[in-house]
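Enquirer: Provided herewith is a single structure, encoded as structure tokens, for subsequent inquiry.
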Amino acid sequence: MKDCRVFAELLFFFAIVMAIPSATMAEPLFPQPLHIVRVVDDPVAGRSMTVEEYYAGNRVVAISGELVAIADYAAETLTRIDRAAGTFSVARFADLAAARGELVPERSLATASESSTPLARVTATHLGRSVELYRAELGDGSGSVEIAVDRSVVLSTKALEVVGGSAWPAMPTAQGRAVLSATAPPSELRGISSQSDRAHGLPVLVRTTFRMGGDSLTVENRVESIDSSTVPPELIAIPLGASEVPHPDVEAARRLRDLEIVAPTSDSR
């Protein structure tokens with residue numbers, strides 16, 4: 001069950017902070033503003049978390065309660081504001097990627113099956129819209145993922161990776177690969193996709209079940225509303241008097257390295 005908790009915490013984190021690809025792309029990731037409200041159910045804590053996400057140009061803002069994350073594609077930085085603690089941090093993507101590589105156990109990066117298998121085509125509804133349903137098995141029997149795709153929202157591959165939480169500096173996961181496969185254009189649109197990269201649908205429901213021996217845990221990440229509103233400026237302003245601190249992931253990686261340095265010294269005595 002401890003491993004299940006690790007998986008839940010990873011998914012919870014990626015729902016709050018959507019990571020970033022390179023800023024050298026020819027056009028903005030999100031030419032039109034996109035505002036998504038999503039809910040992530042945490043079965044370990046027995047509660048749900050609501051996240052508001054604002055996508056515009058090459059910037060993503062994610063807000064959950066007193067926590068704000070601002071991803072700046074041009075600068076390749078992530079600003080994290082904790083209003084409750086009165087702190088903020090600014091971290092480079094490269095530093096975040098290195099820190100997460102030290103913190104995330106390799107066994108959590110299970111491989112997905114080659115492709116998602118469609119369960120149905122345009123027979124279900126979500127938010128009053130038609131959706132397609134997909135399912136993929138995670139590698140080594142570690143679990144499965146179910147995905148509902150809304151094709152009325154069209155995204156590029158890189159934009160989809162950002163929305164799905166699998167873009168750099170996030171760690172690659174089986175769930176991320178399954179979402180990318182499920183949202184890709186169906187066979188009748190693949191010719192169009194070769195001419196334009198904007199052919200992915202929007203994942204409006206991702207339900208992941210992890211299996212650890214006799215234990216299982218299901219995390220549901222669902223979109224509750226979609227519109228084109230932009231983030232109010234006051235929500236992303238760093239509060240007056242806020243103290244700058246290291247990003248939690250960078251600080252955790254530093255402490256882990258310190259422990260690894262101290263441990264051999266202690267063992268040798």
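Chain labels follow the order of the structure tokens: the first chain is A, the next B, and so on; residue numbering restarts at 1 in every chain, and ligands are counted from 1 in their shown order.
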Could you list, as a PyMOL selection string, every residue within 12 Å of Ala253 in chain A, counting only C-alpha atoms and ignoring same-chain residues fewer than 4 positions away?

Expert: chain A and resi 95-104+246-249+257-260

Enquirer: Per DSSP on the backbone, what are the strand (DSSP E) residues of range 37-249 of chain A, as a PyMOL selection string?

Expert: chain A and resi 37-42+47-57+59-64+67-72+77-82+87-92+117-126+129-137+143-155+200-212+215-227+243-244

Enquirer: Would you give me, as a Markdown table, each residue of range 58-159 of chain A having an atom within 12 Å of an atom of range 209-227 of chain A, along with its shortest atom pair and that distance in Å to one decimal, using only C-alpha atoms and sorting by chain and residue number?

Expert:
| residue | atom | partner | partner_atom | distance |
| --- | --- | --- | --- | --- |
| A:Arg107 | CA | A:Met212 | CA | 11.5 |
| A:Ser108 | CA | A:Phe210 | CA | 10.2 |
| A:Ala110 | CA | A:Phe210 | CA | 10.7 |
| A:His126 | CA | A:Val223 | CA | 8.8 |
| A:Leu127 | CA | A:Glu224 | CA | 7.1 |
| A:Gly128 | CA | A:Ser225 | CA | 10.4 |
| A:Arg129 | CA | A:Ile226 | CA | 11.1 |
| A:Arg135 | CA | A:Thr209 | CA | 11.1 |
| A:Ala136 | CA | A:Thr209 | CA | 10.6 |
| A:Glu137 | CA | A:Thr209 | CA | 9.6 |
| A:Leu138 | CA | A:Phe210 | CA | 8.6 |
| A:Gly139 | CA | A:Phe210 | CA | 10.8 |
| A:Asp140 | CA | A:Arg211 | CA | 10.0 |
| A:Gly141 | CA | A:Arg211 | CA | 7.4 |
| A:Ser142 | CA | A:Arg211 | CA | 5.0 |
| A:Gly143 | CA | A:Phe210 | CA | 4.3 |
| A:Ser144 | CA | A:Thr209 | CA | 5.3 |
| A:Val145 | CA | A:Thr209 | CA | 6.2 |
| A:Glu146 | CA | A:Thr209 | CA | 8.6 |
| A:Ile147 | CA | A:Arg222 | CA | 9.7 |
| A:Ala148 | CA | A:Arg222 | CA | 9.1 |
| A:Val149 | CA | A:Val223 | CA | 10.7 |
| A:Asp150 | CA | A:Val223 | CA | 10.5 |
| A:Ser152 | CA | A:Ile226 | CA | 11.0 |
| A:Val153 | CA | A:Ile226 | CA | 9.4 |

Enquirer: Can you write out the residues you just picked, keeping C-alpha atoms, as a PDB file, in the first residue's frame?

Expert:
ATOM      1  CA  ARG A 107       9.684   1.171 -10.744  1.00  0.00           C
ATOM      2  CA  SER A 108       6.974   3.861 -10.943  1.00  0.00           C
ATOM      3  CA  ALA A 110       6.170   1.278 -15.886  1.00  0.00           C
ATOM      4  CA  HIS A 126     -19.082  13.949 -20.565  1.00  0.00           C
ATOM      5  CA  LEU A 127     -20.047  17.551 -19.786  1.00  0.00           C
ATOM      6  CA  GLY A 128     -22.835  17.124 -22.331  1.00  0.00           C
ATOM      7  CA  ARG A 129     -20.323  16.351 -25.103  1.00  0.00           C
ATOM      8  CA  ARG A 135      -8.363   1.546 -22.190  1.00  0.00           C
ATOM      9  CA  ALA A 136      -4.704   0.515 -21.895  1.00  0.00           C
ATOM     10  CA  GLU A 137      -2.961  -2.027 -19.686  1.00  0.00           C
ATOM     11  CA  LEU A 138       0.143  -0.839 -17.864  1.00  0.00           C
ATOM     12  CA  GLY A 139       3.290  -2.939 -18.186  1.00  0.00           C
ATOM     13  CA  ASP A 140       3.998  -6.023 -16.061  1.00  0.00           C
ATOM     14  CA  GLY A 141       0.387  -6.239 -14.895  1.00  0.00           C
ATOM     15  CA  SER A 142       0.887  -3.171 -12.712  1.00  0.00           C
ATOM     16  CA  GLY A 143      -2.517  -1.712 -13.564  1.00  0.00           C
ATOM     17  CA  SER A 144      -4.688  -0.147 -16.239  1.00  0.00           C
ATOM     18  CA  VAL A 145      -5.818   3.271 -17.421  1.00  0.00           C
ATOM     19  CA  GLU A 146      -9.183   4.326 -18.858  1.00  0.00           C
ATOM     20  CA  ILE A 147      -9.390   7.525 -20.896  1.00  0.00           C
ATOM     21  CA  ALA A 148     -12.312   9.585 -22.232  1.00  0.00           C
ATOM     22  CA  VAL A 149     -11.388  11.869 -25.157  1.00  0.00           C
ATOM     23  CA  ASP A 150     -13.297  14.979 -26.277  1.00  0.00           C
ATOM     24  CA  SER A 152     -14.224  19.067 -29.991  1.00  0.00           C
ATOM     25  CA  VAL A 153     -11.085  20.571 -28.389  1.00  0.00           C
TER      26      VAL A 153
END

Enquirer: If we count only C-alpha atoms and set the cut-off at 12 Å, which residues sit around Phe88 in chain A, ignoring sequence neighbours fewer than 6 positions away in its own chain? Please answer as an mmCIF file with N, CA and C atoms, in the first residue's frame.

Expert:
data_model
loop_
_atom_site.group_PDB
_atom_site.id
_atom_site.type_symbol
_atom_site.label_atom_id
_atom_site.label_comp_id
_atom_site.auth_asym_id
_atom_site.auth_seq_id
_atom_site.Cartn_x
_atom_site.Cartn_y
_atom_site.Cartn_z
ATOM 1 N N GLU A 66 -4.507 27.531 -1.987
ATOM 2 C CA GLU A 66 -3.520 28.589 -1.767
ATOM 3 C C GLU A 66 -2.241 28.393 -2.578
ATOM 4 N N LEU A 67 -2.178 27.317 -3.365
ATOM 5 C CA LEU A 67 -0.997 27.046 -4.173
ATOM 6 C C LEU A 67 -1.200 27.512 -5.611
ATOM 7 N N VAL A 68 -0.202 28.199 -6.165
ATOM 8 C CA VAL A 68 -0.238 28.682 -7.545
ATOM 9 C C VAL A 68 1.053 28.258 -8.231
ATOM 10 N N ALA A 69 0.949 27.698 -9.427
ATOM 11 C CA ALA A 69 2.128 27.340 -10.216
ATOM 12 C C ALA A 69 2.038 28.046 -11.562
ATOM 13 N N ILE A 70 3.106 28.750 -11.941
ATOM 14 C CA ILE A 70 3.146 29.498 -13.201
ATOM 15 C C ILE A 70 4.320 28.980 -14.019
ATOM 16 N N LEU A 78 9.631 27.622 -13.554
ATOM 17 C CA LEU A 78 8.374 27.354 -12.867
ATOM 18 C C LEU A 78 8.346 28.164 -11.578
ATOM 19 N N THR A 79 7.370 29.060 -11.488
ATOM 20 C CA THR A 79 7.189 29.858 -10.276
ATOM 21 C C THR A 79 6.091 29.218 -9.440
ATOM 22 N N ARG A 80 6.381 28.970 -8.184
ATOM 23 C CA ARG A 80 5.428 28.353 -7.269
ATOM 24 C C ARG A 80 5.147 29.320 -6.124
ATOM 25 N N ILE A 81 3.896 29.645 -5.922
ATOM 26 C CA ILE A 81 3.498 30.570 -4.857
ATOM 27 C C ILE A 81 2.658 29.814 -3.840
ATOM 28 N N ASP A 82 3.044 29.903 -2.582
ATOM 29 C CA ASP A 82 2.277 29.304 -1.479
ATOM 30 C C ASP A 82 1.766 30.464 -0.627
ATOM 31 N N ILE A 236 -2.071 35.610 -9.758
ATOM 32 C CA ILE A 236 -0.709 35.148 -10.032
ATOM 33 C C ILE A 236 0.348 36.130 -9.531
ATOM 34 N N ALA A 237 -0.086 37.169 -8.811
ATOM 35 C CA ALA A 237 0.867 38.136 -8.259
ATOM 36 C C ALA A 237 1.510 37.564 -6.996
ATOM 37 N N ILE A 238 2.829 37.725 -6.874
ATOM 38 C CA ILE A 238 3.525 37.285 -5.666
ATOM 39 C C ILE A 238 3.147 38.234 -4.534
ATOM 40 N N PRO A 239 2.630 37.718 -3.420
ATOM 41 C CA PRO A 239 2.185 38.587 -2.315
ATOM 42 C C PRO A 239 3.321 39.442 -1.766
ATOM 43 N N LEU A 240 2.996 40.649 -1.368
ATOM 44 C CA LEU A 240 3.984 41.525 -0.750
ATOM 45 C C LEU A 240 4.499 40.874 0.535
ATOM 46 N N GLY A 241 5.797 40.918 0.701
ATOM 47 C CA GLY A 241 6.397 40.340 1.903
ATOM 48 C C GLY A 241 6.661 38.857 1.827
ATOM 49 N N ALA A 242 6.313 38.209 0.709
ATOM 50 C CA ALA A 242 6.556 36.772 0.584
ATOM 51 C C ALA A 242 8.057 36.487 0.544
ATOM 52 N N SER A 243 8.470 35.397 1.156
ATOM 53 C CA SER A 243 9.879 35.026 1.204
ATOM 54 C C SER A 243 10.190 34.026 0.089
ATOM 55 N N GLU A 244 11.355 34.196 -0.537
ATOM 56 C CA GLU A 244 11.752 33.249 -1.582
ATOM 57 C C GLU A 244 12.423 32.037 -0.950
ATOM 58 N N VAL A 245 11.995 30.860 -1.363
ATOM 59 C CA VAL A 245 12.536 29.604 -0.838
ATOM 60 C C VAL A 245 12.835 28.681 -2.014
ATOM 61 N N PRO A 246 13.606 27.609 -1.807
ATOM 62 C CA PRO A 246 13.828 26.644 -2.893
ATOM 63 C C PRO A 246 12.533 25.910 -3.235
ATOM 64 N N HIS A 247 12.401 25.481 -4.480
ATOM 65 C CA HIS A 247 11.252 24.651 -4.845
ATOM 66 C C HIS A 247 11.300 23.368 -4.014
ATOM 67 N N PRO A 248 10.141 22.872 -3.534
ATOM 68 C CA PRO A 248 10.143 21.674 -2.679
ATOM 69 C C PRO A 248 10.866 20.482 -3.282
#

Enquirer: Mind giving me the straight-line distance from CA of Gly176 in chain A to CA of Pro43 in chain A in Å, one decimal?

Expert: 20.1 Å
